[in-house]
Structures are given as C-alpha cells and as structure tokens.
>>> print(open('start_33.cif').read())   # mmCIF, C-alpha atoms
data_final
loop_
_atom_site.label_atom_id
_atom_site.label_comp_id
_atom_site.auth_asym_id
_atom_site.auth_seq_id
_atom_site.Cartn_x
_atom_site.Cartn_y
_atom_site.Cartn_z
CA THR A 1 3.95 1.95 9.54
CA GLY A 2 3.14 5.65 9.75
CA GLY A 3 -0.23 5.23 11.37
CA THR A 4 -3.48 6.98 10.64
CA SER A 5 -5.29 10.07 11.80
CA LYS A 6 -6.79 7.91 14.58
CA TRP A 7 -3.83 5.74 15.65
CA THR A 8 -0.05 5.86 15.40
CA GLY A 9 1.66 2.94 13.70
CA ASP A 10 2.79 1.68 17.11
CA GLN A 11 -0.77 1.87 18.45
CA ILE A 12 -2.04 -0.15 15.49
CA ASP A 13 0.70 -2.73 16.10
CA GLU A 14 -0.23 -2.98 19.80
CA LEU A 15 -3.95 -3.19 19.04
CA LEU A 16 -3.50 -6.02 16.54
CA GLU A 17 -0.86 -7.79 18.58
CA GLY A 18 -3.28 -7.90 21.50
CA ILE A 19 -5.78 -9.88 19.44
CA GLY A 20 -3.31 -11.93 17.41
CA GLY A 21 -4.00 -9.93 14.24
CA MET A 22 -1.90 -8.36 11.54
CA VAL A 23 -2.14 -5.81 8.76
CA GLU A 24 0.06 -5.53 5.67
CA THR A 25 0.11 -3.12 2.75
CA ASN A 26 2.09 -3.00 -0.49
CA ILE A 27 2.38 -0.98 -3.66
CA GLY A 28 3.81 -2.49 -6.82
CA THR A 29 4.35 -1.28 -10.35
CA THR A 30 0.73 -1.62 -11.44
CA SER A 31 -1.28 -2.37 -8.30
CA GLY A 32 -1.32 -2.32 -4.56
CA GLY A 33 -2.84 -4.36 -1.82
CA ALA A 34 -3.83 -4.32 1.80
CA PHE A 35 -4.49 -7.31 3.98
CA VAL A 36 -5.80 -7.69 7.50
CA ASN A 37 -5.94 -10.98 9.35
CA VAL A 38 -7.98 -11.32 12.54
CA LEU A 39 -10.18 -13.94 14.15
CA SER A 40 -13.84 -13.51 13.17
CA GLU A 41 -14.69 -12.36 16.70
CA TYR A 42 -12.45 -9.33 16.06
CA SER A 43 -13.82 -8.51 12.61
CA ASP A 44 -14.93 -5.04 13.75
CA VAL A 45 -11.40 -4.23 14.88
CA GLY A 46 -9.90 -5.61 11.67
CA LEU A 47 -12.29 -3.71 9.42
CA GLU A 48 -11.85 -0.48 11.37
CA VAL A 49 -8.05 -0.75 11.17
CA MET A 50 -8.22 -1.50 7.44
CA SER A 51 -10.58 1.41 6.87
CA GLU A 52 -8.27 3.79 8.72
CA VAL A 53 -5.14 2.52 6.96
CA LEU A 54 -6.69 2.81 3.49
CA ARG A 55 -8.61 6.02 4.01
CA ARG A 56 -6.65 8.14 6.48
CA PRO A 57 -2.93 7.34 6.49
CA GLN A 58 -0.76 9.83 8.36
CA PHE A 59 2.54 9.61 6.41
CA ASP A 60 4.73 10.53 9.39
CA GLU A 61 8.05 12.04 8.29
CA ASP A 62 10.10 9.75 10.56
CA LYS A 63 8.52 6.68 8.97
CA ILE A 64 9.13 8.10 5.49
CA ASP A 65 12.78 8.68 6.40
CA LEU A 66 13.07 5.09 7.66
CA ALA A 67 11.54 3.75 4.44
CA LYS A 68 14.03 5.82 2.42
CA VAL A 69 16.93 4.31 4.38
CA GLN A 70 15.55 0.83 3.67
CA GLU A 71 15.21 1.62 -0.05
CA ARG A 72 18.76 2.98 -0.21
CA THR A 73 19.96 -0.28 1.36
CA GLU A 74 18.05 -2.22 -1.33
CA ILE A 75 19.71 -0.12 -4.04
CA SER A 76 23.16 -0.77 -2.58
CA ARG A 77 22.50 -4.54 -2.69
CA ARG A 78 20.64 -4.89 -5.97
CA ASN A 79 23.66 -6.29 -7.82
CA ASP A 80 24.35 -8.98 -5.21
CA GLU A 81 22.09 -11.56 -6.88
CA VAL A 82 22.54 -12.60 -10.51
CA SER A 83 18.81 -13.30 -10.83
CA THR A 84 18.02 -9.70 -9.84
CA ILE A 85 20.36 -8.34 -12.49
CA ALA A 86 18.90 -10.72 -15.10
CA ARG A 87 15.31 -9.73 -14.26
CA ARG A 88 16.19 -6.02 -14.45
CA GLU A 89 17.91 -6.38 -17.83
CA PHE A 90 15.19 -8.66 -19.20
CA THR A 91 12.57 -6.02 -18.36
CA LYS A 92 14.56 -3.40 -20.27
CA GLN A 93 14.75 -5.70 -23.29
CA ILE A 94 11.03 -6.50 -23.27
CA TYR A 95 9.65 -3.02 -22.62
CA GLY A 96 12.49 -0.82 -23.82
CA PRO A 97 14.83 1.25 -21.67
CA ASP A 98 12.46 4.23 -21.51
CA SER A 99 9.39 2.29 -20.36
CA PRO A 100 8.03 2.86 -16.84
CA TYR A 101 8.31 -0.92 -16.39
CA ALA A 102 12.06 -0.73 -17.02
CA ARG A 103 12.71 2.03 -14.51
CA ASN A 104 14.99 1.38 -11.56
CA THR A 105 14.88 3.09 -8.24
CA GLU A 106 17.94 5.27 -7.79
CA TYR A 107 19.28 7.26 -4.85
CA THR A 108 18.18 10.50 -6.54
CA THR A 109 14.61 9.27 -7.03
CA ILE A 110 14.38 8.19 -3.38
CA ASP A 111 15.80 11.52 -2.22
CA ALA A 112 13.29 13.43 -4.35
CA ILE A 113 10.18 11.83 -2.80
CA THR A 114 8.38 14.09 -0.34
CA ARG A 115 5.52 13.59 2.06
CA ASP A 116 3.40 15.76 -0.25
CA ASP A 117 4.10 13.31 -3.10
CA LEU A 118 2.76 10.46 -0.99
CA VAL A 119 -0.30 12.42 0.08
CA ASP A 120 -1.03 13.34 -3.57
CA PHE A 121 -0.56 9.73 -4.71
CA HIS A 122 -2.91 8.52 -2.00
CA ARG A 123 -5.52 11.18 -2.81
CA THR A 124 -5.40 10.27 -6.50
CA TYR A 125 -5.43 6.48 -6.39
CA PHE A 126 -6.88 5.39 -3.04
CA GLN A 127 -10.53 5.81 -3.92
CA PRO A 128 -13.40 3.37 -3.34
CA GLN A 129 -13.89 2.83 -7.08
CA ASN A 130 -10.30 1.51 -7.23
CA VAL A 131 -10.70 -0.94 -4.34
CA GLN A 132 -11.95 -4.50 -4.20
CA ILE A 133 -12.71 -6.01 -0.82
CA ALA A 134 -12.63 -9.77 -0.32
CA ILE A 135 -13.47 -11.37 3.00
CA TRP A 136 -13.32 -15.02 3.93
CA GLY A 137 -13.60 -16.93 7.15
CA ASP A 138 -16.03 -17.96 9.87
CA PHE A 139 -18.67 -15.23 9.89
CA ASP A 140 -22.30 -14.53 9.05
CA LYS A 141 -22.52 -13.07 5.54
CA GLY A 142 -25.23 -10.53 6.38
CA GLU A 143 -23.41 -9.32 9.49
CA ILE A 144 -20.09 -8.89 7.71
CA ILE A 145 -21.73 -6.95 4.87
CA GLU A 146 -23.23 -4.56 7.45
CA LYS A 147 -19.82 -4.15 9.08
CA VAL A 148 -18.19 -3.35 5.74
CA LYS A 149 -20.88 -0.74 5.12
CA LYS A 150 -20.26 0.68 8.60
CA TYR A 151 -16.52 1.19 8.04
CA PHE A 152 -16.42 1.89 4.30
CA GLY A 153 -19.94 3.04 3.36
CA ASP A 154 -19.29 6.77 3.67
CA TRP A 155 -16.09 6.67 1.59
CA GLU A 156 -16.68 9.22 -1.16
CA LYS A 157 -15.59 8.53 -4.71
CA GLY A 158 -12.81 10.64 -6.15
CA ALA A 159 -12.02 11.74 -9.66
CA PRO A 160 -11.66 8.82 -12.09
CA VAL A 161 -8.11 7.86 -13.01
CA ASN A 162 -7.44 5.64 -16.01
CA PRO A 163 -3.71 5.58 -16.70
CA GLU A 164 -2.57 4.11 -19.99
CA PRO A 165 -0.47 1.00 -19.53
CA PRO A 166 3.01 1.19 -21.10
CA LYS A 167 3.41 -0.41 -24.51
CA VAL A 168 5.55 -3.49 -25.10
CA ASP A 169 8.31 -2.93 -27.69
#
>>> encode(input="start_33.cif", output="structure tokens")
Amino acid sequence: TGGTSKWTGDQIDELLEGIGGMVETNIGTTSGGAFVNVLSEYSDVGLEVMSEVLRRPQFDEDKIDLAKVQERTEISRRNDEVSTIARREFTKQIYGPDSPYARNTEYTTIDAITRDDLVDFHRTYFQPQNVQIAIWGDFDKGEIIEKVKKYFGDWEKGAPVNPEPPKVD
C-alpha cells in the first residue's frame, strides 16, 4: 500500500483498476508472496508493477502507521474466537513457548517496528535468489520470458541468507 519509488500506492491502485488488474503481497512466518493478476494484453503493466513492488517499495510512514493501527485492532480481537486461542496455544505446545513459531504479536512489538526495520528486512530477504516467478495464462511463452527479463533481468543478487528453522520440541 505504500507505493514504490516510481508510483504511490494510490497511483498503483488507479493504474491497475483502469485495466481490471490487482496486486497483492503478504509475509508470513516462514515465507512471503506477491501476486499480480492482469489480462494477457496488459502483461507489461503487470510485470512492471510487480517488479517495482518487489524491488523498490517506498515504505511510506503514513502507510506504516495505518498498518500498525490495523495490527493493534487484530491484537485487541485475538481472543474473540475460540479457534484462534486454540491454534495459538497448540503452537506453543508443539514448538515450545520460546520458539519463534510460538511468538505472538503484542502492542510493544508493533510499537517498536520502524521504517528502517522494514527497509533492512526488505534489503536482506527480497533478493532474486529468494524469488520464484510463476506465470500462467494466455500468452506466448517466448514473449513472456523476454518481458520477465526486461523487468527483472537487472536485479542484482544480494548476500545469501540461510536462516535455521526453529526446532520442534
């Protein structure tokens, strides 16, 4: 939502809305993902947007603040569903209370996150050697490969990162 060095988040929304497209990103405990959906005739636009989002996010402070408000709301409601409580406690039992998999987001952890933290995380983990690109739809294979090279081909590899997965108790 924070945009890129080329477009604001609102400009990306307008651009994709104008062609009936969409982009989504997510980060989970052990992986992340990004997804763009456009008609094949707009594959250049879709690939350029995806390249910008993955390679040059802006991390605008106002969007970070909004995300923090949303996370605080999630924290305040996390005990509303029995299944959520059960899943949280089950994870602690399986991995142990000190495991990264058993951690819970708290108000203090949300408050401690800075824009610099996000920039550092992105610099460390968003590298071409950590990305897999899958494309499907109505397109010419050779043409789409050339387009991927056009938008991602100059993406320089970063330092290798091989975190150790947490142990199961």
>>> closest_residue(input="start_33.cif", among="A:Glu48, A:Thr108, A:Asp116, A:Thr4", to="Arg72 in chain A", atoms="all atoms listed in the file")
A:Thr108
>>> resolve_selection(input="start_33.cif", expression="the PyMOL selection byres ((chain A and resi 73-78) around 12)", output="PyMOL selection string")
chain A and resi 66-72+79-88+104-110
>>> closest_residue(input="start_33.cif", among="A:Glu146, A:Pro160, A:Phe139, A:Gly9", to="Phe59 in chain A", atoms="all atoms listed in the file")
A:Gly9
>>> closest_residue(input="start_33.cif", among="A:Ile64, A:Val168, A:Ala159, A:Ile135", to="Pro100 in chain A", atoms="all atoms listed in the file")
A:Val168
>>> closest_residue(input="start_33.cif", among="A:Gly32, A:Gly96, A:Pro57, A:Pro128", to="Phe152 in chain A", atoms="only C-alpha atoms")
A:Pro128
>>> atom_distance(input="start_33.cif", atom1="CA of Ser43 in chain A", atom2="CA of Tyr125 in chain A")
25.6 Å
>>> atom_distance(input="start_33.cif", atom1="CA of Ala134 in chain A", atom2="CA of Thr30 in chain A")
19.2 Å
>>> resolve_selection(input="start_33.cif", expression="the PyMOL selection byres ((chain A and resi 155) around 8)", output="PDB file with C-alpha atoms, in the coordinates of the input")
ATOM      1  CA  ARG A  55      -8.610   6.020   4.010  1.00  0.00           C
ATOM      2  CA  GLN A 127     -10.530   5.810  -3.920  1.00  0.00           C
ATOM      3  CA  PRO A 128     -13.400   3.370  -3.340  1.00  0.00           C
ATOM      4  CA  PHE A 152     -16.420   1.890   4.300  1.00  0.00           C
ATOM      5  CA  GLY A 153     -19.940   3.040   3.360  1.00  0.00           C
ATOM      6  CA  ASP A 154     -19.290   6.770   3.670  1.00  0.00           C
ATOM      7  CA  GLU A 156     -16.680   9.220  -1.160  1.00  0.00           C
ATOM      8  CA  LYS A 157     -15.590   8.530  -4.710  1.00  0.00           C
TER       9      LYS A 157
END
>>> closest_residue(input="start_33.cif", among="A:Ile94, A:Val45, A:Leu54, A:Ile145", to="Val131 in chain A", atoms="only C-alpha atoms")
A:Leu54
>>> residues_around(input="start_33.cif", residues="Thr25 in chain A", least_positions_apart="3", cutoff="7 Å", atoms="all atoms listed in the file", output="ChimeraX atom specification")
/A:33-35
>>> resolve_selection(input="start_33.cif", expression="the PyMOL selection byres ((chain A and resi 40) around 10)", output="CSV table (one decimal) with C-alpha atoms, in the coordinates of the input")
chain,number,residue,atom,x,y,z
A,37,ASN,CA,-5.9,-11.0,9.4
A,38,VAL,CA,-8.0,-11.3,12.5
A,39,LEU,CA,-10.2,-13.9,14.2
A,41,GLU,CA,-14.7,-12.4,16.7
A,42,TYR,CA,-12.4,-9.3,16.1
A,43,SER,CA,-13.8,-8.5,12.6
A,44,ASP,CA,-14.9,-5.0,13.8
A,45,VAL,CA,-11.4,-4.2,14.9
A,46,GLY,CA,-9.9,-5.6,11.7
A,136,TRP,CA,-13.3,-15.0,3.9
A,137,GLY,CA,-13.6,-16.9,7.2
A,138,ASP,CA,-16.0,-18.0,9.9
A,139,PHE,CA,-18.7,-15.2,9.9
A,140,ASP,CA,-22.3,-14.5,9.0
A,144,ILE,CA,-20.1,-8.9,7.7
>>> closest_residue(input="start_33.cif", among="A:Ile133, A:Gly28, A:Asp62, A:Asn162", to="Thr114 in chain A", atoms="only C-alpha atoms")
A:Asp62
>>> residues_around(input="start_33.cif", residues="Gln58 in chain A", least_positions_apart="2", cutoff="9 Å", atoms="only C-alpha atoms", output="PyMOL selection string")
chain A and resi 2-8+53+56+60+119
>>> atom_distance(input="start_33.cif", atom1="CA of Ile12 in chain A", atom2="CA of Lys63 in chain A")
14.2 Å
>>> residues_around(input="start_33.cif", residues="Pro97 in chain A", least_positions_apart="4", cutoff="12 Å", atoms="all atoms listed in the file", output="list of chain:residue names")
A:Arg88, A:Glu89, A:Phe90, A:Thr91, A:Lys92, A:Gln93, A:Tyr101, A:Ala102, A:Arg103, A:Asn104, A:Pro166, A:Lys167, A:Val168, A:Asp169
>>> decode(input="start_33.cif", residues="range 18-168 of chain A", atoms="C-alpha atoms", output="compact mmCIF listing (two decimals), in the first residue's frame")
# COMPACT_ATOMS: atom_id res chain seq x y z
CA GLY A 18 -8.07 1.06 -15.04
CA ILE A 19 -7.18 -2.29 -16.61
CA GLY A 20 -9.13 -4.54 -14.26
CA GLY A 21 -5.96 -5.78 -12.55
CA MET A 22 -4.86 -6.32 -8.99
CA VAL A 23 -1.72 -6.84 -6.95
CA GLU A 24 -1.42 -8.47 -3.53
CA THR A 25 1.51 -9.10 -1.22
CA ASN A 26 1.89 -10.99 2.05
CA ILE A 27 4.52 -12.00 4.55
CA GLY A 28 4.03 -14.99 6.82
CA THR A 29 6.11 -16.72 9.44
CA THR A 30 8.37 -18.55 7.00
CA SER A 31 7.61 -17.14 3.56
CA GLY A 32 6.05 -14.34 1.63
CA GLY A 33 4.28 -13.93 -1.63
CA ALA A 34 3.29 -11.44 -4.26
CA PHE A 35 0.61 -11.86 -6.86
CA VAL A 36 -0.45 -9.77 -9.83
CA ASN A 37 -3.50 -10.51 -11.94
CA VAL A 38 -3.97 -8.80 -15.31
CA LEU A 39 -5.28 -9.75 -18.72
CA SER A 40 -2.50 -11.02 -21.00
CA GLU A 41 -2.73 -7.86 -23.12
CA TYR A 42 -1.58 -5.92 -20.03
CA SER A 43 1.26 -8.27 -19.10
CA ASP A 44 3.84 -5.48 -19.45
CA VAL A 45 1.94 -3.34 -16.95
CA GLY A 46 1.52 -6.27 -14.56
CA LEU A 47 5.17 -7.26 -14.71
CA GLU A 48 6.36 -3.68 -14.31
CA VAL A 49 4.12 -3.16 -11.27
CA MET A 50 5.30 -6.44 -9.74
CA SER A 51 8.92 -5.55 -10.40
CA GLU A 52 8.51 -2.16 -8.75
CA VAL A 53 6.62 -3.57 -5.75
CA LEU A 54 9.19 -6.31 -5.12
CA ARG A 55 12.31 -4.32 -5.89
CA ARG A 56 11.64 -0.72 -4.91
CA PRO A 57 8.98 -0.38 -2.20
CA GLN A 58 8.71 3.06 -0.63
CA PHE A 59 7.55 2.20 2.92
CA ASP A 60 5.68 5.48 3.45
CA GLU A 61 5.36 6.36 7.14
CA ASP A 62 1.61 7.05 6.89
CA LYS A 63 1.02 3.57 5.45
CA ILE A 64 3.19 2.03 8.17
CA ASP A 65 1.15 3.88 10.80
CA LEU A 66 -2.08 2.61 9.24
CA ALA A 67 -0.78 -0.97 9.24
CA LYS A 68 0.16 -0.61 12.92
CA VAL A 69 -3.38 0.53 13.75
CA GLN A 70 -4.76 -2.50 11.90
CA GLU A 71 -2.40 -4.84 13.77
CA ARG A 72 -3.37 -3.31 17.12
CA THR A 73 -7.02 -3.94 16.24
CA GLU A 74 -6.15 -7.58 15.46
CA ILE A 75 -4.42 -7.90 18.84
CA SER A 76 -7.45 -6.47 20.64
CA ARG A 77 -9.69 -9.08 18.96
CA ARG A 78 -7.47 -12.14 19.04
CA ASN A 79 -9.35 -13.73 21.94
CA ASP A 80 -12.77 -13.34 20.30
CA GLU A 81 -12.60 -16.72 18.53
CA VAL A 82 -12.01 -19.97 20.41
CA SER A 83 -10.27 -21.47 17.37
CA THR A 84 -7.72 -18.63 17.39
CA ILE A 85 -6.93 -19.23 21.05
CA ALA A 86 -6.65 -22.99 20.45
CA ARG A 87 -4.30 -22.54 17.47
CA ARG A 88 -2.10 -20.14 19.47
CA GLU A 89 -1.86 -22.50 22.45
CA PHE A 90 -1.35 -25.56 20.24
CA THR A 91 1.62 -23.85 18.57
CA LYS A 92 3.18 -23.17 21.98
CA GLN A 93 2.76 -26.82 22.93
CA ILE A 94 4.28 -28.14 19.70
CA TYR A 95 7.22 -25.76 19.38
CA GLY A 96 7.70 -24.63 22.97
CA PRO A 97 6.92 -21.21 24.40
CA ASP A 98 10.28 -19.73 23.39
CA SER A 99 10.13 -20.78 19.72
CA PRO A 100 9.78 -18.11 17.02
CA TYR A 101 6.75 -20.10 15.80
CA ALA A 102 5.06 -19.62 19.18
CA ARG A 103 5.55 -15.87 19.30
CA ASN A 104 2.54 -13.59 19.40
CA THR A 105 2.37 -10.07 18.17
CA GLU A 106 1.99 -7.67 21.08
CA TYR A 107 1.38 -3.94 21.28
CA THR A 108 5.01 -3.38 22.31
CA THR A 109 6.35 -5.32 19.32
CA ILE A 110 4.15 -3.34 16.92
CA ASP A 111 5.19 -0.06 18.53
CA ALA A 112 8.87 -0.99 18.23
CA ILE A 113 8.82 -1.54 14.44
CA THR A 114 10.35 1.32 12.47
CA ARG A 115 10.56 2.15 8.81
CA ASP A 116 14.29 1.34 8.99
CA ASP A 117 13.40 -2.17 10.22
CA LEU A 118 11.23 -2.71 7.16
CA VAL A 119 13.87 -1.36 4.80
CA ASP A 120 16.51 -3.64 6.38
CA PHE A 121 14.19 -6.67 6.18
CA HIS A 122 13.47 -5.94 2.53
CA ARG A 123 17.17 -5.44 1.71
CA THR A 124 18.06 -8.73 3.40
CA TYR A 125 15.36 -11.05 2.10
CA PHE A 126 13.95 -9.57 -1.11
CA GLN A 127 16.68 -10.76 -3.44
CA PRO A 128 16.31 -12.51 -6.80
CA GLN A 129 17.83 -15.74 -5.46
CA ASN A 130 14.94 -15.89 -2.94
CA VAL A 131 12.19 -15.38 -5.52
CA GLN A 132 10.32 -17.81 -7.73
CA ILE A 133 8.22 -16.42 -10.55
CA ALA A 134 5.31 -18.40 -11.94
CA ILE A 135 3.21 -17.14 -14.82
CA TRP A 136 0.15 -18.72 -16.35
CA GLY A 137 -2.44 -17.60 -18.83
CA ASP A 138 -2.98 -16.77 -22.49
CA PHE A 139 0.42 -15.61 -23.73
CA ASP A 140 3.31 -16.59 -25.97
CA LYS A 141 5.98 -18.33 -23.88
CA GLY A 142 8.93 -16.70 -25.66
CA GLU A 143 7.42 -13.23 -25.41
CA ILE A 144 6.63 -13.54 -21.72
CA ILE A 145 10.16 -14.79 -20.95
CA GLU A 146 11.56 -11.69 -22.70
CA LYS A 147 9.24 -9.47 -20.68
CA VAL A 148 10.33 -11.09 -17.42
CA LYS A 149 13.95 -10.49 -18.41
CA LYS A 150 13.09 -6.87 -19.24
CA TYR A 151 11.60 -6.13 -15.81
CA PHE A 152 13.66 -8.45 -13.59
CA GLY A 153 16.85 -9.20 -15.55
CA ASP A 154 18.98 -6.47 -13.99
CA TRP A 155 18.01 -7.37 -10.41
CA GLU A 156 21.34 -7.92 -8.66
CA LYS A 157 21.78 -10.75 -6.20
CA GLY A 158 22.33 -9.88 -2.57
CA ALA A 159 24.18 -11.61 0.21
CA PRO A 160 22.97 -15.18 0.80
CA VAL A 161 20.70 -15.68 3.80
CA ASN A 162 20.06 -19.16 5.15
CA PRO A 163 18.22 -18.89 8.46
CA GLU A 164 17.97 -22.01 10.58
CA PRO A 165 14.40 -23.17 11.02
CA PRO A 166 13.26 -23.44 14.66
CA LYS A 167 13.39 -26.90 16.21
CA VAL A 168 10.26 -28.80 17.23
